[in-house]
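J.: My structure is in input28.cif, and what it holds is mmCIF, C-alpha atoms:
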data_structure
loop_
_atom_site.group_PDB
_atom_site.id
_atom_site.type_symbol
_atom_site.label_atom_id
_atom_site.label_comp_id
_atom_site.auth_asym_id
_atom_site.auth_seq_id
_atom_site.Cartn_x
_atom_site.Cartn_y
_atom_site.Cartn_z
ATOM 1 C CA MET A 1 28.961 -10.653 25.114
ATOM 2 C CA ALA A 2 29.676 -14.384 25.449
ATOM 3 C CA LEU A 3 28.572 -16.091 28.625
ATOM 4 C CA VAL A 4 31.272 -17.439 30.904
ATOM 5 C CA GLU A 5 31.245 -21.237 30.971
ATOM 6 C CA HIS A 6 31.805 -23.121 34.220
ATOM 7 C CA ARG A 7 31.865 -26.668 35.521
ATOM 8 C CA ALA A 8 29.631 -26.468 38.575
ATOM 9 C CA ARG A 9 30.298 -29.147 41.191
ATOM 10 C CA LEU A 10 27.472 -30.063 43.546
ATOM 11 C CA VAL A 11 28.479 -29.546 47.171
ATOM 12 C CA GLU A 12 25.321 -29.925 49.212
ATOM 13 C CA ILE A 13 21.609 -30.697 48.834
ATOM 14 C CA GLU A 14 18.980 -29.306 51.218
ATOM 15 C CA GLU A 15 15.535 -30.916 51.216
ATOM 16 C CA LEU A 16 13.046 -28.099 51.851
ATOM 17 C CA ALA A 17 9.877 -30.132 51.273
ATOM 18 C CA PRO A 18 8.862 -33.233 49.297
ATOM 19 C CA GLY A 19 9.997 -32.561 45.724
ATOM 20 C CA LEU A 20 11.572 -29.215 46.641
ATOM 21 C CA ARG A 21 15.340 -28.847 47.050
ATOM 22 C CA ASN A 22 18.013 -26.190 47.366
ATOM 23 C CA PHE A 23 21.284 -27.131 45.630
ATOM 24 C CA ARG A 24 24.653 -25.605 46.545
ATOM 25 C CA PHE A 25 27.353 -25.644 43.855
ATOM 26 C CA GLU A 26 30.971 -24.543 43.745
ATOM 27 C CA LEU A 27 33.095 -23.570 40.754
ATOM 28 C CA PRO A 28 36.520 -25.268 41.000
ATOM 29 C CA GLY A 29 39.318 -23.014 39.830
ATOM 30 C CA VAL A 30 37.213 -19.862 40.213
ATOM 31 C CA GLU A 31 38.215 -17.540 43.019
ATOM 32 C CA SER A 32 35.064 -15.445 43.068
ATOM 33 C CA PHE A 33 31.760 -15.914 41.273
ATOM 34 C CA ASP A 34 30.407 -12.373 41.073
ATOM 35 C CA PHE A 35 26.742 -11.785 40.332
ATOM 36 C CA ILE A 36 23.959 -9.357 41.182
ATOM 37 C CA PRO A 37 21.187 -10.727 43.440
ATOM 38 C CA GLY A 38 18.286 -11.656 41.187
ATOM 39 C CA GLN A 39 20.377 -13.013 38.308
ATOM 40 C CA TRP A 40 20.331 -16.620 37.086
ATOM 41 C CA VAL A 41 22.568 -19.351 35.706
ATOM 42 C CA SER A 42 22.046 -21.517 32.647
ATOM 43 C CA MET A 43 22.703 -25.259 32.998
ATOM 44 C CA THR A 44 23.169 -27.706 30.129
ATOM 45 C CA GLU A 45 23.339 -31.490 30.031
ATOM 46 C CA THR A 46 22.818 -34.245 27.472
ATOM 47 C CA ILE A 47 19.832 -36.234 28.674
ATOM 48 C CA GLY A 48 18.424 -39.153 26.719
ATOM 49 C CA GLY A 49 20.747 -38.300 23.857
ATOM 50 C CA LYS A 50 19.424 -34.738 23.632
ATOM 51 C CA LYS A 51 21.231 -31.598 24.734
ATOM 52 C CA THR A 52 18.990 -29.772 27.194
ATOM 53 C CA THR A 53 19.394 -26.335 28.777
ATOM 54 C CA ARG A 54 17.477 -24.769 31.661
ATOM 55 C CA ALA A 55 17.763 -21.453 33.504
ATOM 56 C CA TYR A 56 17.619 -21.257 37.304
ATOM 57 C CA SER A 57 17.556 -18.169 39.498
ATOM 58 C CA ILE A 58 20.366 -17.984 42.021
ATOM 59 C CA SER A 59 18.947 -18.378 45.523
ATOM 60 C CA SER A 60 22.039 -17.240 47.448
ATOM 61 C CA LEU A 61 24.026 -14.078 48.021
ATOM 62 C CA PRO A 62 27.389 -13.644 46.273
ATOM 63 C CA GLY A 63 30.231 -15.163 48.260
ATOM 64 C CA GLY A 64 33.385 -16.914 47.152
ATOM 65 C CA ASN A 65 33.070 -19.375 44.291
ATOM 66 C CA ARG A 66 29.695 -20.808 45.323
ATOM 67 C CA PHE A 67 26.079 -20.299 44.337
ATOM 68 C CA GLU A 68 22.752 -21.960 45.105
ATOM 69 C CA ILE A 69 19.625 -22.751 43.102
ATOM 70 C CA CYS A 70 16.240 -23.947 44.332
ATOM 71 C CA LEU A 71 13.666 -25.884 42.324
ATOM 72 C CA ASN A 72 10.744 -28.259 42.290
ATOM 73 C CA LYS A 73 11.035 -31.723 40.806
ATOM 74 C CA VAL A 74 8.773 -31.907 37.752
ATOM 75 C CA GLU A 75 7.896 -35.589 37.522
ATOM 76 C CA ASP A 76 7.364 -35.588 33.751
ATOM 77 C CA GLY A 77 10.121 -33.035 33.182
ATOM 78 C CA THR A 78 13.600 -33.530 31.781
ATOM 79 C CA PHE A 79 16.142 -31.440 33.631
ATOM 80 C CA SER A 80 14.768 -31.276 37.176
ATOM 81 C CA PRO A 81 14.686 -35.102 37.573
ATOM 82 C CA HIS A 82 18.293 -35.106 36.367
ATOM 83 C CA LEU A 83 19.322 -32.573 39.018
ATOM 84 C CA PHE A 84 17.394 -34.457 41.690
ATOM 85 C CA GLY A 85 19.392 -37.555 40.781
ATOM 86 C CA LEU A 86 22.758 -35.888 41.361
ATOM 87 C CA GLN A 87 24.999 -36.615 44.324
ATOM 88 C CA PRO A 88 27.589 -34.314 45.941
ATOM 89 C CA GLY A 89 30.677 -34.238 43.749
ATOM 90 C CA ASP A 90 28.780 -34.512 40.473
ATOM 91 C CA ILE A 91 29.446 -31.913 37.782
ATOM 92 C CA VAL A 92 26.961 -29.865 35.746
ATOM 93 C CA PRO A 93 28.042 -27.523 32.901
ATOM 94 C CA ALA A 94 26.809 -24.005 33.668
ATOM 95 C CA LYS A 95 26.977 -20.512 32.201
ATOM 96 C CA GLY A 96 26.391 -17.147 33.769
ATOM 97 C CA PRO A 97 25.532 -15.052 35.571
ATOM 98 C CA VAL A 98 22.718 -13.733 33.384
ATOM 99 C CA GLY A 99 19.686 -11.491 33.749
ATOM 100 C CA SER A 100 18.430 -8.034 34.621
ATOM 101 C CA PHE A 101 15.759 -8.976 37.184
ATOM 102 C CA THR A 102 17.542 -7.042 39.919
ATOM 103 C CA VAL A 103 16.661 -4.250 42.336
ATOM 104 C CA ARG A 104 16.491 -1.102 40.218
ATOM 105 C CA ALA A 105 16.540 1.519 42.989
ATOM 106 C CA LYS A 106 17.588 0.548 46.511
ATOM 107 C CA ASP A 107 16.128 3.750 47.951
ATOM 108 C CA ARG A 108 12.685 3.331 46.342
ATOM 109 C CA GLU A 109 9.787 1.564 48.093
ATOM 110 C CA ALA A 110 8.824 -1.677 46.386
ATOM 111 C CA ILE A 111 6.422 -4.599 46.491
ATOM 112 C CA PHE A 112 7.722 -8.046 45.522
ATOM 113 C CA VAL A 113 5.139 -10.556 44.265
ATOM 114 C CA ALA A 114 5.854 -14.250 43.762
ATOM 115 C CA THR A 115 4.166 -17.584 43.360
ATOM 116 C CA GLY A 116 5.956 -20.910 43.811
ATOM 117 C CA THR A 117 9.640 -20.924 42.912
ATOM 118 C CA GLY A 118 9.214 -17.373 41.650
ATOM 119 C CA VAL A 119 10.252 -16.329 45.146
ATOM 120 C CA VAL A 120 13.782 -17.712 44.681
ATOM 121 C CA PRO A 121 15.456 -14.542 43.316
ATOM 122 C CA TYR A 122 13.875 -12.457 46.095
ATOM 123 C CA ARG A 123 15.835 -14.334 48.750
ATOM 124 C CA PRO A 124 19.187 -12.719 47.807
ATOM 125 C CA MET A 125 17.576 -9.509 46.524
ATOM 126 C CA LEU A 126 16.007 -8.721 49.897
ATOM 127 C CA LYS A 127 19.058 -9.832 51.893
ATOM 128 C CA GLN A 128 21.625 -7.838 49.941
ATOM 129 C CA ALA A 129 23.536 -5.121 51.746
ATOM 130 C CA GLY A 130 22.393 -1.574 51.251
ATOM 131 C CA TYR A 131 18.712 -2.398 50.832
ATOM 132 C CA LEU A 132 16.522 -3.191 53.842
ATOM 133 C CA ASP A 133 19.327 -2.234 56.230
ATOM 134 C CA GLN A 134 19.215 1.351 54.963
ATOM 135 C CA GLY A 135 15.525 1.679 55.779
ATOM 136 C CA THR A 136 13.911 1.252 52.360
ATOM 137 C CA LYS A 137 10.327 0.018 52.716
ATOM 138 C CA ALA A 138 9.495 -3.279 51.031
ATOM 139 C CA THR A 139 6.706 -5.855 51.068
ATOM 140 C CA LEU A 140 6.941 -9.462 49.899
ATOM 141 C CA ILE A 141 3.685 -11.137 48.860
ATOM 142 C CA PHE A 142 4.312 -14.851 48.394
ATOM 143 C CA GLY A 143 1.718 -17.379 47.308
ATOM 144 C CA ALA A 144 1.826 -21.166 47.053
ATOM 145 C CA ARG A 145 -0.681 -23.922 46.585
ATOM 146 C CA HIS A 146 0.285 -25.714 49.804
ATOM 147 C CA ALA A 147 1.921 -24.449 53.001
ATOM 148 C CA GLU A 148 4.990 -26.665 52.492
ATOM 149 C CA GLY A 149 5.558 -24.861 49.205
ATOM 150 C CA LEU A 150 6.295 -21.595 51.020
ATOM 151 C CA MET A 151 10.047 -22.038 50.656
ATOM 152 C CA PHE A 152 12.352 -19.953 52.861
ATOM 153 C CA ARG A 153 9.309 -18.876 54.875
ATOM 154 C CA ASP A 154 11.227 -18.933 58.164
ATOM 155 C CA GLU A 155 13.949 -16.753 56.669
ATOM 156 C CA PHE A 156 11.496 -14.169 55.370
ATOM 157 C CA GLU A 157 9.668 -14.095 58.710
ATOM 158 C CA ALA A 158 12.978 -13.586 60.514
ATOM 159 C CA LEU A 159 13.840 -10.797 58.069
ATOM 160 C CA ALA A 160 10.532 -9.095 58.886
ATOM 161 C CA GLU A 161 11.268 -9.357 62.599
ATOM 162 C CA ARG A 162 14.671 -7.694 62.148
ATOM 163 C CA HIS A 163 13.481 -4.944 59.829
ATOM 164 C CA THR A 164 10.387 -2.920 60.698
ATOM 165 C CA ASN A 165 10.480 -1.529 57.149
ATOM 166 C CA PHE A 166 9.885 -5.010 55.670
ATOM 167 C CA LYS A 167 6.519 -6.776 55.580
ATOM 168 C CA PHE A 168 6.041 -10.421 54.634
ATOM 169 C CA LEU A 169 2.640 -11.741 53.509
ATOM 170 C CA ALA A 170 2.363 -15.471 52.789
ATOM 171 C CA THR A 171 -0.814 -17.011 51.386
ATOM 172 C CA VAL A 172 -1.895 -20.496 50.270
ATOM 173 C CA THR A 173 -4.739 -21.541 47.996
ATOM 174 C CA ARG A 174 -5.154 -24.999 49.570
ATOM 175 C CA PRO A 175 -4.691 -24.452 53.299
ATOM 176 C CA PRO A 176 -4.104 -27.476 55.535
ATOM 177 C CA GLU A 177 -6.253 -28.196 58.549
ATOM 178 C CA GLY A 178 -5.383 -25.783 61.318
ATOM 179 C CA TRP A 179 -3.833 -23.195 59.016
ATOM 180 C CA THR A 180 -4.205 -19.735 60.578
ATOM 181 C CA GLY A 181 -2.434 -17.709 57.903
ATOM 182 C CA LEU A 182 -3.705 -15.975 54.798
ATOM 183 C CA THR A 183 -5.535 -17.885 52.082
ATOM 184 C CA GLY A 184 -6.216 -17.201 48.415
ATOM 185 C CA ARG A 185 -4.225 -15.855 45.500
ATOM 186 C CA VAL A 186 -1.591 -13.147 45.604
ATOM 187 C CA GLN A 187 -3.476 -10.635 43.449
ATOM 188 C CA PRO A 188 -6.070 -9.522 46.050
ATOM 189 C CA LEU A 189 -3.269 -8.994 48.579
ATOM 190 C CA LEU A 190 -1.334 -6.938 46.059
ATOM 191 C CA TRP A 191 -4.285 -4.650 45.246
ATOM 192 C CA GLU A 192 -5.055 -4.240 48.950
ATOM 193 C CA THR A 193 -1.414 -3.358 49.686
ATOM 194 C CA ILE A 194 -1.139 -0.884 46.809
ATOM 195 C CA GLY A 195 -4.475 0.844 47.323
ATOM 196 C CA GLU A 196 -4.527 3.989 45.186
ATOM 197 C CA ARG A 197 -0.762 4.442 45.124
ATOM 198 C CA THR A 198 1.334 4.515 41.956
ATOM 199 C CA ASP A 199 4.566 5.856 43.469
ATOM 200 C CA LEU A 200 6.407 2.583 44.103
ATOM 201 C CA ASP A 201 8.035 -0.220 42.130
ATOM 202 C CA VAL A 202 6.455 -3.658 41.752
ATOM 203 C CA TYR A 203 8.516 -6.788 41.051
ATOM 204 C CA VAL A 204 6.593 -9.828 39.807
ATOM 205 C CA CYS A 205 8.003 -13.325 39.386
ATOM 206 C CA GLY A 206 6.232 -16.593 38.680
ATOM 207 C CA LEU A 207 4.349 -18.396 35.945
ATOM 208 C CA LYS A 208 3.512 -16.457 32.792
ATOM 209 C CA GLU A 209 -0.250 -16.312 33.393
ATOM 210 C CA MET A 210 0.108 -14.672 36.811
ATOM 211 C CA VAL A 211 2.869 -12.294 35.733
ATOM 212 C CA ASP A 212 1.008 -11.125 32.618
ATOM 213 C CA SER A 213 -2.269 -10.558 34.467
ATOM 214 C CA VAL A 214 -0.604 -8.556 37.258
ATOM 215 C CA ARG A 215 1.379 -6.451 34.799
ATOM 216 C CA GLU A 216 -1.751 -5.676 32.775
ATOM 217 C CA GLU A 217 -3.661 -4.621 35.884
ATOM 218 C CA LEU A 218 -0.779 -2.448 37.121
ATOM 219 C CA ARG A 219 -0.689 -0.631 33.796
ATOM 220 C CA ALA A 220 -4.445 -0.108 34.006
ATOM 221 C CA LYS A 221 -3.943 1.427 37.452
ATOM 222 C CA GLY A 222 -1.511 3.961 36.014
ATOM 223 C CA PHE A 223 1.882 2.406 36.743
ATOM 224 C CA ASP A 224 4.641 3.313 34.299
ATOM 225 C CA ARG A 225 6.270 0.332 32.582
ATOM 226 C CA LYS A 226 9.602 1.197 34.255
ATOM 227 C CA GLN A 227 7.955 0.635 37.654
ATOM 228 C CA ILE A 228 6.922 -2.920 36.729
ATOM 229 C CA ILE A 229 9.853 -5.361 36.757
ATOM 230 C CA VAL A 230 9.005 -8.937 35.800
ATOM 231 C CA GLU A 231 10.517 -12.388 35.368
ATOM 232 C CA LYS A 232 8.475 -15.281 33.956
ATOM 233 C CA TYR A 233 8.828 -18.992 34.674
ATOM 234 C CA ASP A 234 7.179 -20.787 31.752
#
Written as structure tokens, how would this file's structure read?

T.:
Amino acid sequence: MALVEHRARLVEIEELAPGLRNFRFELPGVESFDFIPGQWVSMTETIGGKKTTRAYSISSLPGGNRFEICLNKVEDGTFSPHLFGLQPGDIVPAKGPVGSFTVRAKDREAIFVATGTGVVPYRPMLKQAGYLDQGTKATLIFGARHAEGLMFRDEFEALAERHTNFKFLATVTRPPEGWTGLTGRVQPLLWETIGERTDLDVYVCGLKEMVDSVREELRAKGFDRKQIIVEKYD
């Protein structure tokens, strides 16, 4: 099935932290951009005479003809510096929605694991109607190198306050002075949260090394492959 092509127009830029932005786009001429929380869009541009394509998870819920993406600026990268140089009104060719990294069973307890921008698809996945509001238990384990890299932290904390069935665990590997939260990598928190259980789903999103190691360990613990849902950011 051919992907639907769009001309995405930048509407608003939100600076979340140094080198970390959330971009809001609209699709002129499109009445409704329908997607499933967790899916992504593909963006293409000719940069330095070379056609370049990158995939970005959608960071917003479906609504009208708009969508959002969130990303870090990679200083020696190609596409992220281009996006960071855009101004409201600029156009980027885009295709989508794409992807199957979505909630498989809204009535099944799950643990969501993310490092860095791997948390982006969880923002709409956890907020979608018919999930946490129906009482399904869920835990988000989110790790970053620095505290400022814990994007959408306030939103996830507010979500945990509203839903007693949702638990949010944020950890950093390089804590700042005065940090009173959790420290270290996400894996120890995941194993502590799971314990001896194998009756829940585990979603894992982040860099390939982390995703592969967690998936391998989950299989060793007896999890069926259908219970392990992954998305890699290479």

J.: Once you count only C-alpha atoms, what closest atom pair and distance in Å to one decimal does each residue of segment 73-156 of chain A within 6 Å of segment 160-170 of chain A have, with rows by chain and rising residue number, as a tab-separated table?

T.:
residue	atom	partner	partner_atom	distance
A:Lys137	CA	A:Asn165	CA	4.7
A:Ala138	CA	A:Phe166	CA	5.0
A:Thr139	CA	A:Lys167	CA	4.6
A:Leu140	CA	A:Phe168	CA	4.9
A:Ile141	CA	A:Leu169	CA	4.8
A:Phe142	CA	A:Ala170	CA	4.8
A:Gly143	CA	A:Ala170	CA	5.8

J.: When you count only C-alpha atoms, which of these residues is closest to Arg197 of chain A: A:Glu231, A:Glu109, A:Met125, A:Pro175?

T.: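 Among A:Glu231, A:Glu109, A:Met125, A:Pro175, it is A:Glu109 that comes nearest to Arg197 of chain A.
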
J.: What is the atom CA of Leu200 of chain A to atom CA of Glu157 of chain A distance in Å?

T.: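 Result for atom CA of Leu200 of chain A versus atom CA of Glu157 of chain A: 22.4 Å, one decimal.
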
J.: Would you compute the distance between atom CA of Asp234 of chain A and atom CA of Ile194 of chain A? Give it in Å to one decimal.

T.: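 Interatomic distance, atom CA of Asp234 of chain A to atom CA of Ile194 of chain A: 26.3 Å.
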
J.: Write out as number ranges by chain each polymer residue whose atoms come within 8 Å of Asp201 of chain A, counting only C-alpha atoms; drop sequence neighbours fewer than 3 positions from it.

T.: A: 108-111, 227-229

J.: List the residues matched by the PyMOL selection byres ((chain A and resi 23) around 9) in the displayed structure as a list in words, ordered by chain and then by residue number.

T.: Leu10, Val11, Glu12, Ile13, Glu14, Glu15, Arg21, Asn22, Arg24, Phe25, Phe67, Glu68, Ile69, Cys70, Leu71 and Leu83 of chain A

J.: Could you please take those selected residues and save C-alpha atoms as a PDB file, in the frame of the given file?

T.:
ATOM      1  CA  LEU A  10      27.472 -30.063  43.546  1.00  0.00           C
ATOM      2  CA  VAL A  11      28.479 -29.546  47.171  1.00  0.00           C
ATOM      3  CA  GLU A  12      25.321 -29.925  49.212  1.00  0.00           C
ATOM      4  CA  ILE A  13      21.609 -30.697  48.834  1.00  0.00           C
ATOM      5  CA  GLU A  14      18.980 -29.306  51.218  1.00  0.00           C
ATOM      6  CA  GLU A  15      15.535 -30.916  51.216  1.00  0.00           C
ATOM      7  CA  ARG A  21      15.340 -28.847  47.050  1.00  0.00           C
ATOM      8  CA  ASN A  22      18.013 -26.190  47.366  1.00  0.00           C
ATOM      9  CA  ARG A  24      24.653 -25.605  46.545  1.00  0.00           C
ATOM     10  CA  PHE A  25      27.353 -25.644  43.855  1.00  0.00           C
ATOM     11  CA  PHE A  67      26.079 -20.299  44.337  1.00  0.00           C
ATOM     12  CA  GLU A  68      22.752 -21.960  45.105  1.00  0.00           C
ATOM     13  CA  ILE A  69      19.625 -22.751  43.102  1.00  0.00           C
ATOM     14  CA  CYS A  70      16.240 -23.947  44.332  1.00  0.00           C
ATOM     15  CA  LEU A  71      13.666 -25.884  42.324  1.00  0.00           C
ATOM     16  CA  LEU A  83      19.322 -32.573  39.018  1.00  0.00           C
TER      17      LEU A  83
END

J.: Nearest to Val103 of chain A: which of A:Pro18, A:Gly64, A:Gly38, A:Gly89 is it, counting only C-alpha atoms?

T.: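 Closest candidate: A:Gly38.
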
J.: Dig up all the protein and nucleic acid residues within 8 Å of (24.9, -12.6, 34.9) in the file frame, using all atoms listed in the file, and format them as a list in words.

T.: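 Final list of nearby residues, as requested, is Phe35, Ile36, Gln39, Trp40, Val41, Gly96, Pro97, Val98, Gly99 and Ser100 of chain A.
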
J.: List as number ranges by chain the protein and nucleic acid residues near Met151 of chain A, meaning an atom at most 8 Å away when only C-alpha atoms are counted, but skip any in the same chain fewer than 6 places from it.

T.: A: 16, 117, 119

J.: Point out the residue among A:Thr180, A:Arg225, A:Ile47, A:Lys208 with the least atom-to-atom distance to Pro81 of chain A, counting only C-alpha atoms.

T.: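 Of A:Thr180, A:Arg225, A:Ile47, A:Lys208, the one nearest Pro81 of chain A is A:Ile47, counting only C-alpha atoms.
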
J.: With only C-alpha atoms as the atoms that count, which of A:Arg66, A:His82, A:Lys51, A:Arg174 lies nearest to Ala8 of chain A?

T.: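 Of all the options, A:Arg66 lies closest to Ala8 of chain A.
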
J.: Rounded to one decimal place, report the atom CA of Tyr56 of chain A-atom CA of Met210 of chain A distance in Å.

T.: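 Answer for the atom CA of Tyr56 of chain A to atom CA of Met210 of chain A separation: 18.7 Å.
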
J.: What lies within 12 Å of Val214 of chain A using all atoms listed in the file, ignoring chain neighbours under 6 positions off, as an NGL selection string?

T.: :A and (112-115 or 185-191 or 202-208 or 220-221 or 223 or 228-232)

J.: Using all atoms listed in the file, determine which residues lie at most 9 Å from Gly222 of chain A, disregarding the query and same-chain residues fewer than 4 positions distant; provide the list as a list in words.

T.: Thr198, Glu217 and Leu218 of chain A

J.: Kindly export the residues of the current selection with C-alpha atoms, as a PDB file, in the frame of the given file.

T.:
ATOM      1  CA  THR A 198       1.334   4.515  41.956  1.00  0.00           C
ATOM      2  CA  GLU A 217      -3.661  -4.621  35.884  1.00  0.00           C
ATOM      3  CA  LEU A 218      -0.779  -2.448  37.121  1.00  0.00           C
TER       4      LEU A 218
END

J.: Take the point (36.5, -31.1, 35.7) in the file's coordinates, draw a sphere of radius 9 Å around it, and report as a short mmCIF file (atom, residue, chain, number, x, y, z; two decimals) with C-alpha atoms, in the frame of the given file every protein, DNA or RNA residue with an atom inside or on it, counting only C-alpha atoms.

T.:
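Below is the file part_23.cif, written as the result:
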data_model
loop_
_atom_site.label_atom_id
_atom_site.label_comp_id
_atom_site.auth_asym_id
_atom_site.auth_seq_id
_atom_site.Cartn_x
_atom_site.Cartn_y
_atom_site.Cartn_z
CA ARG A 7 31.86 -26.67 35.52
CA ALA A 8 29.63 -26.47 38.58
CA ARG A 9 30.30 -29.15 41.19
CA PRO A 28 36.52 -25.27 41.00
CA ILE A 91 29.45 -31.91 37.78
#
